[in-house]
$ cat target34.cif   # mmCIF, C-alpha atoms
data_target
loop_
_atom_site.label_atom_id
_atom_site.label_comp_id
_atom_site.auth_asym_id
_atom_site.auth_seq_id
_atom_site.Cartn_x
_atom_site.Cartn_y
_atom_site.Cartn_z
CA MET A 1 10.96 -11.65 37.87
CA PHE A 2 13.48 -14.49 37.98
CA SER A 3 13.19 -15.40 41.64
CA SER A 4 11.94 -18.40 43.57
CA ASP A 5 8.49 -17.25 42.40
CA ALA A 6 9.49 -16.54 38.82
CA GLY A 7 5.99 -15.80 37.62
CA LEU A 8 3.92 -16.71 34.61
CA CYS A 9 3.85 -15.73 30.94
CA ILE A 10 0.60 -16.36 29.05
CA PHE A 11 1.07 -16.32 25.29
CA ASP A 12 -1.40 -15.83 22.48
CA LEU A 13 -0.90 -18.43 19.71
CA ASP A 14 -1.64 -17.11 16.21
CA GLY A 15 0.64 -14.22 15.30
CA THR A 16 2.59 -14.47 18.55
CA LEU A 17 4.09 -17.95 18.86
CA VAL A 18 3.23 -19.32 15.43
CA ASP A 19 2.71 -17.81 11.98
CA THR A 20 -0.53 -19.57 11.07
CA ILE A 21 -2.06 -17.13 8.59
CA GLN A 22 -1.36 -19.11 5.42
CA ASP A 23 -3.17 -22.20 6.71
CA LEU A 24 -6.02 -20.17 8.19
CA GLY A 25 -6.41 -18.22 4.96
CA ASN A 26 -6.19 -21.27 2.73
CA SER A 27 -8.84 -23.04 4.80
CA MET A 28 -11.18 -20.06 4.68
CA SER A 29 -10.64 -19.67 0.95
CA TYR A 30 -11.52 -23.35 0.48
CA ALA A 31 -14.81 -22.83 2.32
CA LEU A 32 -15.67 -19.75 0.28
CA ARG A 33 -14.89 -21.49 -3.01
CA GLU A 34 -17.04 -24.46 -2.04
CA LEU A 35 -19.92 -22.05 -1.47
CA GLY A 36 -19.33 -20.27 -4.77
CA LEU A 37 -18.28 -17.08 -3.03
CA PRO A 38 -15.30 -14.79 -3.73
CA VAL A 39 -12.19 -15.52 -1.69
CA ARG A 40 -10.34 -12.92 0.35
CA THR A 41 -6.69 -11.93 0.23
CA MET A 42 -4.18 -12.99 2.87
CA GLU A 43 -3.88 -9.37 3.94
CA GLU A 44 -7.62 -9.36 4.62
CA TYR A 45 -7.41 -12.58 6.59
CA THR A 46 -4.75 -11.06 8.85
CA ARG A 47 -7.31 -8.40 9.79
CA PHE A 48 -10.11 -10.93 10.28
CA VAL A 49 -8.38 -13.29 12.74
CA GLY A 50 -8.07 -12.87 16.49
CA ASN A 51 -11.62 -13.31 17.78
CA GLY A 52 -12.20 -16.97 17.00
CA THR A 53 -12.87 -18.94 13.83
CA LEU A 54 -16.61 -18.25 13.71
CA LEU A 55 -15.93 -14.51 13.48
CA LEU A 56 -13.21 -15.20 10.91
CA ALA A 57 -15.83 -16.93 8.80
CA LYS A 58 -18.35 -14.11 9.26
CA ARG A 59 -15.84 -11.41 8.39
CA SER A 60 -14.83 -13.36 5.28
CA LEU A 61 -18.35 -13.50 3.86
CA PRO A 62 -19.53 -10.81 1.42
CA ASP A 63 -21.07 -7.85 3.25
CA SER A 64 -24.54 -8.66 1.93
CA LEU A 65 -24.42 -12.20 3.38
CA LYS A 66 -22.83 -11.67 6.79
CA GLU A 67 -26.16 -11.97 8.61
CA ASP A 68 -27.16 -15.20 6.88
CA GLU A 69 -26.76 -17.53 9.85
CA GLN A 70 -27.27 -20.73 7.87
CA LEU A 71 -24.61 -19.72 5.34
CA LEU A 72 -22.26 -18.64 8.13
CA ASN A 73 -22.58 -21.98 9.88
CA LYS A 74 -21.94 -23.83 6.63
CA ALA A 75 -18.88 -21.71 5.88
CA HIS A 76 -17.54 -22.34 9.38
CA GLU A 77 -18.19 -26.07 9.05
CA LEU A 78 -16.33 -26.24 5.73
CA PHE A 79 -13.48 -24.18 7.13
CA SER A 80 -13.17 -26.36 10.23
CA GLY A 81 -13.19 -29.60 8.27
CA TYR A 82 -10.45 -28.41 5.94
CA TYR A 83 -8.39 -26.81 8.68
CA ALA A 84 -8.50 -30.02 10.74
CA VAL A 85 -6.42 -31.65 7.99
CA HIS A 86 -4.34 -28.70 6.79
CA TYR A 87 -3.69 -26.79 10.04
CA ALA A 88 0.07 -27.23 9.82
CA ASP A 89 0.80 -27.31 6.09
CA ASN A 90 2.58 -23.97 6.26
CA SER A 91 2.39 -22.89 9.91
CA ARG A 92 5.73 -22.38 11.63
CA VAL A 93 7.09 -21.16 14.93
CA TYR A 94 8.42 -17.62 14.60
CA ASP A 95 12.20 -17.39 14.47
CA GLY A 96 13.63 -16.76 17.92
CA ILE A 97 10.59 -17.92 19.88
CA GLN A 98 11.84 -21.33 21.01
CA PRO A 99 15.08 -19.99 22.56
CA VAL A 100 13.01 -17.47 24.53
CA LEU A 101 10.68 -20.19 25.81
CA ASP A 102 13.66 -22.36 26.75
CA GLU A 103 15.29 -19.45 28.59
CA LEU A 104 12.12 -18.64 30.52
CA ARG A 105 11.52 -22.24 31.51
CA GLY A 106 15.13 -22.59 32.54
CA ARG A 107 14.67 -19.64 34.90
CA GLY A 108 11.53 -21.09 36.45
CA VAL A 109 8.91 -19.03 34.63
CA LYS A 110 5.66 -20.92 34.06
CA LEU A 111 4.31 -20.79 30.52
CA GLY A 112 0.73 -20.86 29.31
CA VAL A 113 -1.09 -20.42 26.00
CA LEU A 114 -4.47 -18.74 25.69
CA THR A 115 -6.05 -18.40 22.26
CA ASN A 116 -9.47 -17.81 20.73
CA LYS A 117 -8.71 -20.64 18.30
CA PRO A 118 -10.87 -23.73 19.07
CA ASP A 119 -9.31 -25.72 21.88
CA ARG A 120 -8.72 -28.90 19.85
CA PHE A 121 -6.81 -27.00 17.16
CA ALA A 122 -4.79 -25.07 19.73
CA LYS A 123 -3.64 -28.19 21.54
CA THR A 124 -2.87 -30.05 18.30
CA ILE A 125 -0.74 -27.22 16.91
CA ILE A 126 1.20 -26.84 20.16
CA GLU A 127 1.82 -30.60 20.31
CA LYS A 128 3.06 -30.66 16.71
CA LEU A 129 5.27 -27.58 16.68
CA PHE A 130 6.76 -27.40 20.19
CA PRO A 131 8.76 -29.87 22.30
CA LYS A 132 6.67 -31.80 24.79
CA GLY A 133 6.40 -30.04 28.11
CA THR A 134 7.17 -26.56 26.80
CA PHE A 135 3.90 -25.17 28.18
CA ASP A 136 2.28 -25.83 31.54
CA ILE A 137 -1.22 -25.25 30.19
CA VAL A 138 -2.85 -24.62 26.79
CA LEU A 139 -6.39 -23.32 26.52
CA GLY A 140 -8.35 -22.50 23.39
CA SER A 141 -11.95 -21.52 22.80
CA ARG A 142 -14.41 -23.81 24.59
CA ASP A 143 -18.19 -23.92 24.81
CA GLY A 144 -19.49 -21.99 27.78
CA VAL A 145 -16.28 -20.01 28.34
CA PRO A 146 -16.17 -16.42 27.02
CA LYS A 147 -13.44 -15.64 24.51
CA LYS A 148 -10.70 -13.07 24.98
CA PRO A 149 -10.75 -10.20 25.86
CA ASP A 150 -13.04 -11.53 28.58
CA PRO A 151 -10.66 -12.46 31.43
CA ALA A 152 -12.39 -15.70 32.43
CA ALA A 153 -9.97 -18.10 30.73
CA GLU A 154 -6.98 -15.91 31.63
CA ASN A 155 -7.96 -16.12 35.28
CA GLU A 156 -8.48 -19.87 34.91
CA ILE A 157 -4.83 -20.25 33.86
CA ILE A 158 -3.56 -17.94 36.59
CA TYR A 159 -5.45 -19.78 39.31
CA ALA A 160 -4.60 -23.23 37.96
CA LEU A 161 -0.89 -22.44 38.10
CA GLY A 162 -1.08 -20.61 41.42
CA ALA A 163 0.44 -17.43 40.04
CA ASP A 164 0.52 -14.02 41.69
CA LYS A 165 -1.00 -11.50 39.28
CA SER A 166 1.77 -9.04 40.01
CA ARG A 167 4.11 -11.54 38.36
CA VAL A 168 1.93 -12.40 35.35
CA PHE A 169 2.50 -11.07 31.83
CA HIS A 170 0.15 -11.62 28.91
CA LEU A 171 1.82 -11.59 25.50
CA GLY A 172 0.09 -11.17 22.16
CA ASP A 173 0.08 -9.44 18.79
CA SER A 174 -3.31 -7.70 18.90
CA ASP A 175 -5.42 -5.27 20.88
CA VAL A 176 -7.50 -8.26 21.97
CA ASP A 177 -4.51 -9.46 23.99
CA VAL A 178 -3.84 -6.05 25.47
CA PHE A 179 -7.47 -5.75 26.55
CA THR A 180 -7.41 -9.29 27.96
CA ALA A 181 -4.46 -8.36 30.15
CA LYS A 182 -6.15 -5.16 31.32
CA ASN A 183 -9.38 -7.00 32.11
CA ALA A 184 -7.49 -9.62 34.11
CA GLY A 185 -5.38 -7.06 35.97
CA VAL A 186 -2.02 -8.21 34.62
CA ARG A 187 0.69 -6.56 32.53
CA SER A 188 0.78 -6.87 28.75
CA ILE A 189 3.61 -7.25 26.26
CA GLY A 190 2.61 -6.46 22.68
CA CYS A 191 4.47 -8.54 20.09
CA SER A 192 4.95 -6.42 16.97
CA TRP A 193 6.00 -9.26 14.61
CA GLY A 194 2.45 -10.65 14.38
CA PHE A 195 -0.71 -9.95 12.43
CA ARG A 196 -1.33 -6.41 13.70
CA SER A 197 0.72 -3.24 13.50
CA ARG A 198 3.00 -2.00 16.26
CA GLN A 199 0.95 1.19 16.42
CA SER A 200 -2.24 -0.76 17.10
CA LEU A 201 -0.57 -2.25 20.18
CA VAL A 202 0.57 1.17 21.34
CA ASP A 203 -2.90 2.61 20.76
CA ALA A 204 -4.46 -0.23 22.76
CA GLY A 205 -2.25 0.68 25.72
CA ALA A 206 0.22 -2.22 25.83
CA ASP A 207 2.47 -1.90 28.88
CA PHE A 208 5.50 -2.97 26.86
CA ILE A 209 6.31 -3.66 23.20
CA ALA A 210 8.58 -6.50 22.06
CA ASP A 211 9.89 -5.95 18.53
CA ARG A 212 11.82 -9.22 18.54
CA PRO A 213 11.30 -12.33 20.65
CA TRP A 214 14.39 -11.84 22.84
CA ASP A 215 12.96 -8.49 23.94
CA ILE A 216 10.56 -10.53 26.07
CA CYS A 217 13.40 -11.75 28.29
CA GLU A 218 14.84 -8.25 28.56
CA ILE A 219 11.46 -6.78 29.50
CA LEU A 220 10.95 -9.37 32.22
CA LEU A 221 14.43 -8.81 33.64
CA LYS A 222 13.88 -5.07 33.87
CA ASN A 223 10.36 -5.23 35.27
CA SER A 224 10.41 -7.88 37.96
#
$ encode --input "target34.cif" --output "structure tokens"
Amino acid sequence: MFSSDAGLCIFDLDGTLVDTIQDLGNSMSYALRELGLPVRTMEEYTRFVGNGTLLLAKRSLPDSLKEDEQLLNKAHELFSGYYAVHYADNSRVYDGIQPVLDELRGRGVKLGVLTNKPDRFAKTIIEKLFPKGTFDIVLGSRDGVPKKPDPAAENEIIYALGADKSRVFHLGDSDVDVFTAKNAGVRSIGCSWGFRSRQSLVDAGADFIADRPWDICEILLKNS
């Protein structure tokens, strides 16, 4: 892996690089309270994230109101407005992540971020929490581009950075990331410290499991 063509690692954001659940949950709870609806628990929010903020809002609504499109749009609007201000109140980079990123960059590995979080939030969080230049490309959810696990945005990153798919790894904490890697024809590393269980990553068919951030470097060294 660490050769003149050292490859590419594409990271999920929420639950993989950054623990964002408190700010996501607080923002969703604010929207629900403003609408006079019951709030969810943080444990519920960890199950609801991963497919974009619109689906987070839909999953957070009471079962009897999930198909109310007008209410859903209002909840998402309230969530987005609050999150735009409070996106980094509690969010933090997972312990051990930055040394791994520094090691990979130092060995010539290109680094990307692909998330179903709206693009503007993704870029803002990366800019705030990571040193400038850590990542070669950051892509979030954008109009007209299918979300993960569709491989469109994954392939966009791969082609933009001129990577050989045999040297690309996709890293994430959920089955969505495993399926994204499969759909793009690249290898996956499931990160068990995130919002989903280790078993869910195994069940999804992750090629490798990292139980701590430094495992990523060890996996790449052994599977070049």
$ atom_distance --input "target34.cif" --atom1 "atom CA of Gly52 of chain A" --atom2 "atom CA of Lys117 of chain A"
5.2 Å
$ residues_around --input "target34.cif" --residues "Leu17 of chain A" --least-positions-apart "3" --cutoff "8 Å" --atoms "all atoms listed in the file" --output "ChimeraX atom specification"
/A:11-14,93-94,97
$ residues_around --input "target34.cif" --residues "segment 23-27 of chain A" --least-positions-apart "6" --cutoff "9 Å" --atoms "only C-alpha atoms" --output "list in words"
Arg40, Thr41, Met42, Glu44, Tyr45, Thr46, Val49, Thr53, Leu78, Phe79, Ser80, Gly81, Tyr82, Tyr83, His86, Tyr87, Ala88, Asp89, Asn90 and Ser91 of chain A
$ residues_around --input "target34.cif" --residues "Phe135 of chain A" --least-positions-apart "2" --cutoff "8 Å" --atoms "only C-alpha atoms" --output "VMD selection string"
chain A and resid 110 to 113 132 to 133 137 to 138
$ atom_distance --input "target34.cif" --atom1 "atom CA of Ile219 of chain A" --atom2 "atom CA of Lys182 of chain A"
17.8 Å
$ resolve_selection --input "target34.cif" --expression "the PyMOL selection byres ((chain A and resi 206) around 6)" --output "ChimeraX atom specification"
/A:178,188,190,201-202,204-205,207-208
$ residues_near_point --input "target34.cif" --point "(1.1, -11.6, 10.7)" --cutoff "7 Å" --atoms "all atoms listed in the file" --output "PDB file with C-alpha atoms, in the frame of the given file"
ATOM      1  CA  GLY A  15       0.640 -14.220  15.300  1.00  0.00           C
ATOM      2  CA  ASP A  19       2.710 -17.810  11.980  1.00  0.00           C
ATOM      3  CA  ILE A  21      -2.060 -17.130   8.590  1.00  0.00           C
ATOM      4  CA  THR A  46      -4.750 -11.060   8.850  1.00  0.00           C
ATOM      5  CA  TRP A 193       6.000  -9.260  14.610  1.00  0.00           C
ATOM      6  CA  GLY A 194       2.450 -10.650  14.380  1.00  0.00           C
ATOM      7  CA  PHE A 195      -0.710  -9.950  12.430  1.00  0.00           C
ATOM      8  CA  ARG A 196      -1.330  -6.410  13.700  1.00  0.00           C
TER       9      ARG A 196
END
$ closest_residue --input "target34.cif" --among "A:Pro151, A:Phe121, A:Val109, A:Tyr159" --to "Cys217 of chain A" --atoms "all atoms listed in the file"
A:Val109
$ resolve_selection --input "target34.cif" --expression "the PyMOL selection byres ((chain A and resi 167) around 8)" --output "ChimeraX atom specification"
/A:1,6-8,163-166,168-169,186,224
$ closest_residue --input "target34.cif" --among "A:Arg212, A:Glu69, A:Cys9, A:Leu61" --to "Gly108 of chain A" --atoms "only C-alpha atoms"
A:Cys9
$ atom_distance --input "target34.cif" --atom1 "atom CA of Ser174 of chain A" --atom2 "atom CA of Gly50 of chain A"
7.4 Å
$ decode --input "target34.cif" --residues "segment 178-219 of chain A" --atoms "C-alpha atoms" --output "short mmCIF file (atom, residue, chain, number, x, y, z; two decimals), in the first residue's frame"
data_model
loop_
_atom_site.label_atom_id
_atom_site.label_comp_id
_atom_site.auth_asym_id
_atom_site.auth_seq_id
_atom_site.Cartn_x
_atom_site.Cartn_y
_atom_site.Cartn_z
CA VAL A 178 -19.75 -1.25 3.56
CA PHE A 179 -22.37 -1.30 0.81
CA THR A 180 -20.91 1.87 -0.72
CA ALA A 181 -17.53 0.18 -0.99
CA LYS A 182 -19.05 -2.95 -2.52
CA ASN A 183 -21.03 -0.91 -5.03
CA ALA A 184 -17.92 1.03 -6.04
CA GLY A 185 -15.74 -2.08 -6.28
CA VAL A 186 -13.31 -1.12 -3.53
CA ARG A 187 -12.36 -2.66 -0.19
CA SER A 188 -14.06 -1.65 3.05
CA ILE A 189 -12.79 -1.15 6.58
CA GLY A 190 -15.54 -1.11 9.21
CA CYS A 191 -14.80 1.19 12.15
CA SER A 192 -16.33 -0.34 15.27
CA TRP A 193 -16.02 2.75 17.53
CA GLY A 194 -18.86 4.58 15.77
CA PHE A 195 -22.64 4.66 15.88
CA ARG A 196 -23.26 1.05 14.84
CA SER A 197 -22.26 -2.25 16.39
CA ARG A 198 -19.24 -4.27 15.34
CA GLN A 199 -21.55 -7.15 14.48
CA SER A 200 -23.54 -4.99 12.07
CA LEU A 201 -20.32 -4.33 10.14
CA VAL A 202 -19.48 -8.03 10.09
CA ASP A 203 -23.00 -8.89 8.95
CA ALA A 204 -22.78 -6.32 6.16
CA GLY A 205 -19.64 -8.04 4.86
CA ALA A 206 -16.90 -5.55 5.73
CA ASP A 207 -13.57 -6.72 4.32
CA PHE A 208 -11.76 -5.66 7.48
CA ILE A 209 -12.71 -4.39 10.94
CA ALA A 210 -10.76 -1.69 12.79
CA ASP A 211 -11.47 -1.71 16.52
CA ARG A 212 -9.16 1.24 17.17
CA PRO A 213 -7.94 3.93 14.78
CA TRP A 214 -4.36 2.65 14.55
CA ASP A 215 -5.72 -0.65 13.23
CA ILE A 216 -6.31 1.22 9.97
CA CYS A 217 -2.57 1.64 9.40
CA GLU A 218 -1.92 -2.00 10.27
CA ILE A 219 -4.64 -3.20 7.89
#
